[in-house]
>>> print(open('start-v4.tsv').read())   # TSV, C-alpha atoms
chain	number	residue	atom	x	y	z
A	231	LYS	CA	147.86	105.90	119.74
A	232	GLN	CA	148.38	104.79	123.30
A	233	GLU	CA	147.38	101.20	124.09
A	234	VAL	CA	147.43	99.54	127.49
A	235	THR	CA	147.70	95.79	127.98
A	236	GLN	CA	147.34	93.81	131.17
A	237	ILE	CA	148.43	90.21	131.45
A	238	PRO	CA	147.16	87.87	132.75
A	239	ALA	CA	143.46	88.56	132.38
A	240	ALA	CA	142.77	86.48	135.49
A	241	LEU	CA	144.86	85.12	138.32
A	242	SER	CA	144.15	82.85	141.29
A	243	VAL	CA	146.65	82.46	144.12
A	244	PRO	CA	146.52	80.99	147.63
A	245	GLU	CA	146.19	83.35	150.54
A	246	GLY	CA	149.47	84.62	151.94
A	247	GLU	CA	151.41	84.53	148.71
A	248	ASN	CA	153.10	87.54	147.19
A	249	LEU	CA	152.04	88.34	143.63
A	250	VAL	CA	152.79	90.66	140.74
A	251	LEU	CA	150.36	92.14	138.23
A	252	ASN	CA	151.67	93.48	134.95
A	253	CYS	CA	150.78	96.46	132.80
A	254	SER	CA	152.39	97.51	129.53
A	255	PHE	CA	151.82	100.57	127.39
A	256	THR	CA	152.86	101.32	123.85
A	257	ASP	CA	154.06	104.90	124.10
A	258	SER	CA	156.49	105.59	126.93
A	259	ALA	CA	156.17	109.38	126.90
A	260	ILE	CA	153.69	109.42	129.77
A	261	TYR	CA	153.71	111.73	132.75
A	262	ASN	CA	152.01	109.33	135.17
A	263	LEU	CA	150.44	105.92	135.58
A	264	GLN	CA	147.65	104.95	137.94
A	265	TRP	CA	146.61	101.62	139.38
A	266	PHE	CA	142.96	101.16	140.29
A	267	ARG	CA	140.98	98.51	142.08
A	268	GLN	CA	137.42	97.58	141.09
A	269	ASP	CA	135.17	95.37	143.16
A	270	PRO	CA	132.24	93.61	141.45
A	271	GLY	CA	129.41	96.03	140.76
A	272	LYS	CA	131.39	98.97	142.06
A	273	GLY	CA	133.30	101.92	140.69
A	274	LEU	CA	137.08	102.22	140.58
A	275	THR	CA	139.25	103.19	143.53
A	276	SER	CA	142.62	104.76	142.86
A	277	LEU	CA	145.34	102.80	144.64
A	278	LEU	CA	148.58	104.40	143.54
A	279	LEU	CA	149.68	107.12	141.14
A	280	ILE	CA	153.29	107.09	139.94
A	281	GLN	CA	154.61	110.25	138.40
A	282	SER	CA	157.00	109.97	135.46
A	283	SER	CA	159.87	111.17	137.63
A	284	GLN	CA	159.29	108.36	140.11
A	285	ARG	CA	160.21	104.71	139.83
A	286	GLU	CA	157.86	103.38	142.45
A	287	GLN	CA	155.14	104.15	144.95
A	288	THR	CA	154.16	102.22	148.05
A	289	SER	CA	150.96	102.06	150.06
A	290	GLY	CA	150.75	99.43	152.77
A	291	ARG	CA	151.15	96.01	151.19
A	292	LEU	CA	151.05	97.47	147.68
A	293	ASN	CA	154.06	98.57	145.69
A	294	ALA	CA	153.84	99.87	142.15
A	295	SER	CA	156.86	100.33	139.92
A	296	LEU	CA	157.24	102.17	136.67
A	297	ASP	CA	159.79	101.63	133.90
A	298	LYS	CA	158.98	104.20	131.26
A	299	SER	CA	161.73	103.20	128.87
A	300	SER	CA	160.36	99.68	128.54
A	301	GLY	CA	156.71	100.74	128.74
A	302	ARG	CA	155.95	98.62	131.78
A	303	SER	CA	154.54	98.87	135.26
A	304	THR	CA	154.02	96.25	137.92
A	305	LEU	CA	151.79	96.14	140.97
A	306	TYR	CA	153.23	94.00	143.74
A	307	ILE	CA	150.89	92.75	146.46
A	308	ALA	CA	152.56	91.30	149.53
A	309	ALA	CA	151.02	88.68	151.79
A	310	SER	CA	147.79	88.48	149.81
A	311	GLN	CA	144.45	88.27	151.62
A	312	PRO	CA	140.98	87.18	150.47
A	313	GLY	CA	139.94	90.83	150.69
A	314	ASP	CA	142.38	91.62	147.91
A	315	SER	CA	140.16	89.74	145.46
A	316	ALA	CA	139.07	92.29	142.85
A	317	THR	CA	139.92	93.50	139.37
A	318	TYR	CA	143.02	95.64	139.11
A	319	LEU	CA	143.31	98.14	136.27
A	320	CYS	CA	146.14	100.37	135.18
A	321	ALA	CA	145.66	103.61	133.30
A	322	VAL	CA	147.87	106.13	131.52
A	323	PRO	CA	147.15	109.46	129.87
A	324	SER	CA	146.91	109.48	126.10
A	325	LEU	CA	149.40	111.67	124.34
A	326	ASN	CA	146.95	113.54	122.21
A	327	ARG	CA	145.90	117.05	123.00
A	328	ASP	CA	142.67	115.69	124.46
A	329	ASP	CA	144.71	114.11	127.25
A	330	LYS	CA	142.31	111.19	127.75
A	331	ILE	CA	143.12	108.55	130.30
A	332	ILE	CA	143.42	105.12	128.70
A	333	PHE	CA	142.61	102.03	130.75
A	334	GLY	CA	143.74	98.46	130.37
A	335	LYS	CA	141.16	95.67	130.53
A	336	GLY	CA	142.29	94.70	134.00
A	337	THR	CA	143.44	91.57	135.80
A	338	ARG	CA	140.78	89.69	137.80
A	339	LEU	CA	142.49	88.53	140.97
A	340	HIS	CA	141.08	85.80	143.17
A	341	ILE	CA	142.78	85.00	146.48
A	342	LEU	CA	141.99	81.49	147.62
A	343	PRO	CA	141.35	81.18	151.38
B	242	GLU	CA	134.64	114.19	152.30
B	243	ALA	CA	131.70	112.97	150.24
B	244	GLY	CA	132.58	110.95	147.17
B	245	VAL	CA	131.19	111.02	143.66
B	246	ALA	CA	127.47	110.28	143.77
B	247	GLN	CA	125.63	108.53	140.96
B	248	SER	CA	122.06	107.46	140.47
B	249	PRO	CA	120.32	105.22	139.77
B	250	ARG	CA	122.45	102.18	140.68
B	251	TYR	CA	120.62	99.91	138.30
B	252	LYS	CA	118.38	100.45	135.31
B	253	ILE	CA	116.64	97.96	133.07
B	254	ILE	CA	114.98	99.21	129.90
B	255	GLU	CA	113.86	97.88	126.57
B	256	LYS	CA	115.63	98.80	123.37
B	257	ARG	CA	114.52	102.06	121.81
B	258	GLN	CA	113.55	103.47	125.20
B	259	SER	CA	115.29	106.47	126.77
B	260	VAL	CA	117.33	106.57	129.95
B	261	ALA	CA	119.17	109.22	131.96
B	262	PHE	CA	121.93	108.99	134.51
B	263	TRP	CA	122.90	111.58	137.08
B	264	CYS	CA	126.26	112.41	138.64
B	265	ASN	CA	127.28	114.75	141.44
B	266	PRO	CA	131.08	115.09	141.57
B	267	ILE	CA	133.21	115.81	144.60
B	268	SER	CA	132.72	119.38	145.71
B	269	GLY	CA	135.21	121.71	144.07
B	270	HIS	CA	136.31	119.29	141.37
B	271	ALA	CA	136.47	121.13	138.08
B	272	THR	CA	136.74	118.12	135.80
B	273	LEU	CA	134.02	115.52	135.31
B	274	TYR	CA	134.13	112.40	133.16
B	275	TRP	CA	131.61	109.87	131.95
B	276	TYR	CA	132.98	106.42	131.16
B	277	GLN	CA	131.29	103.37	129.65
B	278	GLN	CA	132.51	100.01	130.89
B	279	ILE	CA	131.35	96.93	129.03
B	280	LEU	CA	131.69	93.64	130.88
B	281	GLY	CA	135.27	92.40	130.78
B	282	GLN	CA	136.64	95.64	129.39
B	283	GLY	CA	138.35	98.66	130.84
B	284	PRO	CA	136.40	101.92	131.06
B	285	LYS	CA	136.12	103.92	127.85
B	286	LEU	CA	135.83	107.68	128.04
B	287	LEU	CA	132.60	109.05	126.59
B	288	ILE	CA	132.87	112.70	127.50
B	289	GLN	CA	135.04	114.99	129.61
B	290	PHE	CA	133.92	118.33	131.04
B	291	GLN	CA	136.12	121.09	132.41
B	292	ASN	CA	133.73	123.15	134.54
B	293	ASN	CA	130.70	123.39	132.25
B	294	GLY	CA	132.59	123.17	128.97
B	295	VAL	CA	133.22	120.02	126.93
B	296	VAL	CA	136.91	119.13	126.62
B	297	ASP	CA	136.53	115.86	124.73
B	298	ASP	CA	133.51	114.02	123.36
B	299	SER	CA	135.19	112.27	120.48
B	300	GLN	CA	133.97	108.83	121.56
B	301	LEU	CA	130.42	109.84	122.42
B	302	PRO	CA	127.87	108.39	119.93
B	303	LYS	CA	126.21	111.72	119.40
B	304	ASP	CA	123.32	110.34	117.39
B	305	ARG	CA	121.94	108.77	120.58
B	306	PHE	CA	124.00	109.96	123.55
B	307	SER	CA	123.97	113.44	125.05
B	308	ALA	CA	125.44	114.92	128.19
B	309	GLU	CA	125.36	118.22	129.96
B	310	ARG	CA	126.91	119.78	132.99
B	311	LEU	CA	124.88	122.78	133.99
B	312	LYS	CA	126.59	125.35	136.19
B	313	GLY	CA	129.75	123.26	136.20
B	314	VAL	CA	128.59	120.93	138.98
B	315	ASP	CA	126.09	118.09	138.45
B	316	SER	CA	125.94	116.25	135.17
B	317	THR	CA	123.44	114.10	133.33
B	318	LEU	CA	124.08	111.55	130.61
B	319	LYS	CA	121.18	110.54	128.37
B	320	ILE	CA	120.70	107.75	125.87
B	321	GLN	CA	117.86	108.08	123.37
B	322	PRO	CA	117.03	105.61	121.91
B	323	ALA	CA	118.92	102.80	123.64
B	324	LYS	CA	120.35	99.82	121.79
B	325	LEU	CA	121.22	96.37	123.06
B	326	GLU	CA	124.93	97.15	122.81
B	327	ASP	CA	124.53	100.03	125.27
B	328	SER	CA	124.26	97.51	128.11
B	329	ALA	CA	127.18	98.43	130.33
B	330	VAL	CA	128.16	100.16	133.54
B	331	TYR	CA	128.26	103.93	133.22
B	332	LEU	CA	130.82	105.46	135.52
B	333	CYS	CA	131.20	109.06	136.50
B	334	ALA	CA	134.53	110.35	137.76
B	335	SER	CA	135.92	113.70	138.84
B	336	SER	CA	139.29	115.28	139.50
B	337	PRO	CA	140.30	118.68	140.84
B	338	ILE	CA	141.74	120.08	137.62
B	339	ARG	CA	142.56	118.14	134.51
B	340	ALA	CA	145.41	119.86	132.76
B	341	PRO	CA	148.06	118.23	130.60
B	342	GLY	CA	150.88	117.12	132.83
B	343	ALA	CA	148.74	117.22	135.95
B	344	ASN	CA	149.31	114.36	138.37
B	345	GLU	CA	145.89	113.98	139.85
B	346	LYS	CA	143.97	110.95	140.92
B	347	LEU	CA	140.57	110.22	139.50
B	348	PHE	CA	137.71	109.63	141.90
B	349	PHE	CA	134.95	107.36	140.64
B	350	GLY	CA	131.34	106.90	141.60
B	351	SER	CA	129.80	103.45	142.05
B	352	GLY	CA	128.34	103.53	138.56
B	353	THR	CA	124.97	102.82	137.01
B	354	GLN	CA	124.49	99.33	135.63
B	355	LEU	CA	122.32	99.52	132.53
B	356	SER	CA	120.66	96.50	130.98
B	357	VAL	CA	118.95	96.97	127.63
B	358	LEU	CA	116.57	94.12	126.75
>>> encode(input="start-v4.tsv", output="structure tokens")
Amino acid sequence: KQEVTQIPAALSVPEGENLVLNCSFTDSAIYNLQWFRQDPGKGLTSLLLIQSSQREQTSGRLNASLDKSSGRSTLYIAASQPGDSATYLCAVPSLNRDDKIIFGKGTRLHILP
Amino acid sequence: EAGVAQSPRYKIIEKRQSVAFWCNPISGHATLYWYQQILGQGPKLLIQFQNNGVVDDSQLPKDRFSAERLKGVDSTLKIQPAKLEDSAVYLCASSPIRAPGANEKLFFGSGTQLSVL
């Protein structure tokens, strides 16, 4: 059974700092991993999708890496801004035939002005 | 391109009452999902439709929850009767085609925040 863990549960950093969010998953035989952002009271927005054949994906100040063999992914945010404050969730497909997408509980990020 | 539409945004009901949520996915998206997100948790899949057929409803509490997707477009999720533990955000998402091995992003609606008193 696929399980997704995100540590830390919450993180506060001063504006302008670079930061890394972590995601780990128990079964490495995945074919992709997605990072999402969720603002309070809102739905999820897909930020980056990394295919199993890729090691990283970049979008603006965001860079996501994937290490399947160790069951880990990181989301790197450069030069953080107050607008980056949100909850960040990672998700991977389950490996059952139902092919569900399994989410972690997320990391609540607060950027201090 | 219009996103995933959900209504209502908020709903407050008393336990044992009924409630229904509506979702209109992105035009042309074959796959539709309903997720339940309890405060502080990640979303949990309740049901997944491929066109108008159910792909997975293994985590749907079928004694009180029901969902349908008529004509493979809009979908409704109903709870009858509601319990206190059903208080959560109900998220609808869609993707073009959900096939094993597909590398497709999910597109989420803003969700319906349900409070059961």
>>> residues_around(input="start-v4.tsv", residues="Asn262 (chain A)", least_positions_apart="6", cutoff="8 Å", atoms="all atoms listed in the file", output="ChimeraX atom specification")
/A:279-282,322-323 /B:344
>>> write_last_selection(input="start-v4.tsv", atoms="C-alpha atoms", output="PDB file, in the frame of the given file")
ATOM      1  CA  LEU A 279     149.680 107.120 141.140  1.00  0.00           C
ATOM      2  CA  ILE A 280     153.290 107.090 139.940  1.00  0.00           C
ATOM      3  CA  GLN A 281     154.610 110.250 138.400  1.00  0.00           C
ATOM      4  CA  SER A 282     157.000 109.970 135.460  1.00  0.00           C
ATOM      5  CA  VAL A 322     147.870 106.130 131.520  1.00  0.00           C
ATOM      6  CA  PRO A 323     147.150 109.460 129.870  1.00  0.00           C
TER       7      PRO A 323
ATOM      8  CA  ASN B 344     149.310 114.360 138.370  1.00  0.00           C
TER       9      ASN B 344
END
>>> interface_residues(input="start-v4.tsv", of="chain B", to="chain A", cutoff="7 Å", atoms="only C-alpha atoms", output="list of chain:residue names")
B:Gly281, B:Gln282, B:Gly283, B:Pro284, B:Asp297, B:Leu332, B:Pro341, B:Gly342, B:Asn344, B:Lys346, B:Leu347, B:Phe348, B:Phe349, B:Gly350, B:Ser351, B:Gly352
>>> write_last_selection(input="start-v4.tsv", atoms="C-alpha atoms", output="tab-separated table (two decimals), keeping the file's coordinate frame")
chain	number	residue	atom	x	y	z
B	281	GLY	CA	135.27	92.40	130.78
B	282	GLN	CA	136.64	95.64	129.39
B	283	GLY	CA	138.35	98.66	130.84
B	284	PRO	CA	136.40	101.92	131.06
B	297	ASP	CA	136.53	115.86	124.73
B	332	LEU	CA	130.82	105.46	135.52
B	341	PRO	CA	148.06	118.23	130.60
B	342	GLY	CA	150.88	117.12	132.83
B	344	ASN	CA	149.31	114.36	138.37
B	346	LYS	CA	143.97	110.95	140.92
B	347	LEU	CA	140.57	110.22	139.50
B	348	PHE	CA	137.71	109.63	141.90
B	349	PHE	CA	134.95	107.36	140.64
B	350	GLY	CA	131.34	106.90	141.60
B	351	SER	CA	129.80	103.45	142.05
B	352	GLY	CA	128.34	103.53	138.56
>>> residues_around(input="start-v4.tsv", residues="Ser335 (chain B)", least_positions_apart="4", cutoff="10 Å", atoms="all atoms listed in the file", output="ChimeraX atom specification")
/B:244-245,264-275,289-291,339,346-350
>>> residues_near_point(input="start-v4.tsv", point="(109.0, 101.0, 124.3)", cutoff="12 Å", atoms="all atoms listed in the file", output="list in words")
Ile254, Glu255, Lys256, Arg257, Gln258, Ser259, Val260, Gln321, Pro322, Ala323, Lys324, Val357 and Leu358 of chain B
>>> residues_around(input="start-v4.tsv", residues="region 306-312 of chain B", least_positions_apart="6", cutoff="8 Å", atoms="all atoms listed in the file", output="list in words")
Ile288, Phe290, Asn292, Asn293, Gly294, Leu318, Lys319, Ile320 and Gln321 of chain B
>>> write_last_selection(input="start-v4.tsv", atoms="C-alpha atoms", output="PDB file, in the frame of the given file")
ATOM      1  CA  ILE B 288     132.870 112.700 127.500  1.00  0.00           C
ATOM      2  CA  PHE B 290     133.920 118.330 131.040  1.00  0.00           C
ATOM      3  CA  ASN B 292     133.730 123.150 134.540  1.00  0.00           C
ATOM      4  CA  ASN B 293     130.700 123.390 132.250  1.00  0.00           C
ATOM      5  CA  GLY B 294     132.590 123.170 128.970  1.00  0.00           C
ATOM      6  CA  LEU B 318     124.080 111.550 130.610  1.00  0.00           C
ATOM      7  CA  LYS B 319     121.180 110.540 128.370  1.00  0.00           C
ATOM      8  CA  ILE B 320     120.700 107.750 125.870  1.00  0.00           C
ATOM      9  CA  GLN B 321     117.860 108.080 123.370  1.00  0.00           C
TER      10      GLN B 321
END
>>> atom_distance(input="start-v4.tsv", atom1="CA of Asn293 (chain A)", atom2="CA of Val250 (chain A)")
9.4 Å
>>> closest_residue(input="start-v4.tsv", among="B:Gln277, B:Ser328, B:Ser336, B:Ser248", to="Gln300 (chain B)", atoms="only C-alpha atoms")
B:Gln277
